[in-house]
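Here the structure is laid out as structure tokens; the discussion comes afterwards.
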Amino acid sequence: QVQLVESGGGLVQAGGSLRLSCVVSGLTLRYYVMGWFRLSPGKERELVAAIGRNGGRTTIVESVKGRFAISRDDAKNSVYLQMNSLEPDDTGVYYCAAAGGPTYTDAYYEIDRRAYHSWGLGTQVTVSS
């Protein structure tokens, strides 16, 4: 059974930092492209950051570029999202998700949320002004 469990969310003042963690079980993390998505009030779920196999390729969306960073530790079955200089617009539920798998090559990379097949339940991040 595949499980993705996010943690590290909370309430923080604008300008503060949080580090989100996603612990994965039931799959071999190194075969998967991993993403962090955000669901904010009044918006659709959107990609915030993605990281390819071996961490060789990453995507950070423009709205958080320079403030957020994604990383992975396959030995610990974990993916992280470091969030600095948080703004009220960063408020939302943050989800960890996996795309790809063992039948894909190392070249596989995806940022379309429809390609992500395994999702966590999310962790709430609230940034106060």
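Naming works like this for the structure tokens: A, B, ... for the chains as they're shown, residue 1 at the start of each chain, ligands 1 onward in shown order.
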>> Give me, as an NGL selection string, all polymer residues having an atom no more than 12 Å from A:Thr105, counting only C-alpha atoms and skipping those fewer than 3 positions away in the same chain.
In response: :A and (30-33 or 52-54 or 100-102 or 108-109)
>> as a list in words, please: the residues near A:Tyr94 (cut-off 7 Å, only C-alpha atoms, same-chain neighbours under 4 positions excluded).
In response: Trp36, Phe37, Arg38, Leu39, Gly122, Thr123 and Gln124 of chain A
Pull C-alpha atoms from the residues just selected and write them as a short mmCIF file (atom, residue, chain, number, x, y, z; two decimals), in the first residue's frame.
data_model
loop_
_atom_site.label_atom_id
_atom_site.label_comp_id
_atom_site.auth_asym_id
_atom_site.auth_seq_id
_atom_site.Cartn_x
_atom_site.Cartn_y
_atom_site.Cartn_z
CA TRP A 36 4.69 19.56 -4.11
CA PHE A 37 1.33 21.04 -4.96
CA ARG A 38 -0.71 23.73 -3.26
CA LEU A 39 -4.46 24.22 -2.95
CA GLY A 122 -1.83 17.36 2.70
CA THR A 123 -0.59 19.68 5.40
CA GLN A 124 -2.04 23.13 6.10
#
> Taking only C-alpha atoms into account, which of A:Ser40, A:Ser128, A:Thr59, A:Ser7 comes nearest A:Leu86?
Replying inline: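 Of the candidates, the smallest distance to A:Leu86 is held by A:Ser128.
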>> Could you tell me how far atom CA of A:Asp73 sits from atom CA of A:Leu11, in Å to one decimal place?
In response: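 If I compute the distance from atom CA of A:Leu11 to atom CA of A:Asp73, I get 25.8 Å.
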>> List the spatial neighbours of stretch 87-92 of chain A as a PyMOL selection string - criterion: any atom at most 12 Å away, only C-alpha atoms, same-chain residues fewer than 4 positions off excluded.
In response: chain A and resi 9-18+36-46+48+63-64+67-68+83+122-129
> Which parts of chain A does DSSP call helix (DSSP H, G or I) when run on the backbone here, written out as number ranges by chain?
Replying inline: A: 29-31, 53-55, 62-64, 74-76, 88-90, 113-115
>> If you run DSSP on the backbone here, which positions in chain A get strand (DSSP E or B)? Please write them as a ChimeraX atom specification.
In response: /A:3-7,10-13,18-25,32-39,46-51,58-60,68-73,78-83,92-100,116-119,123-128
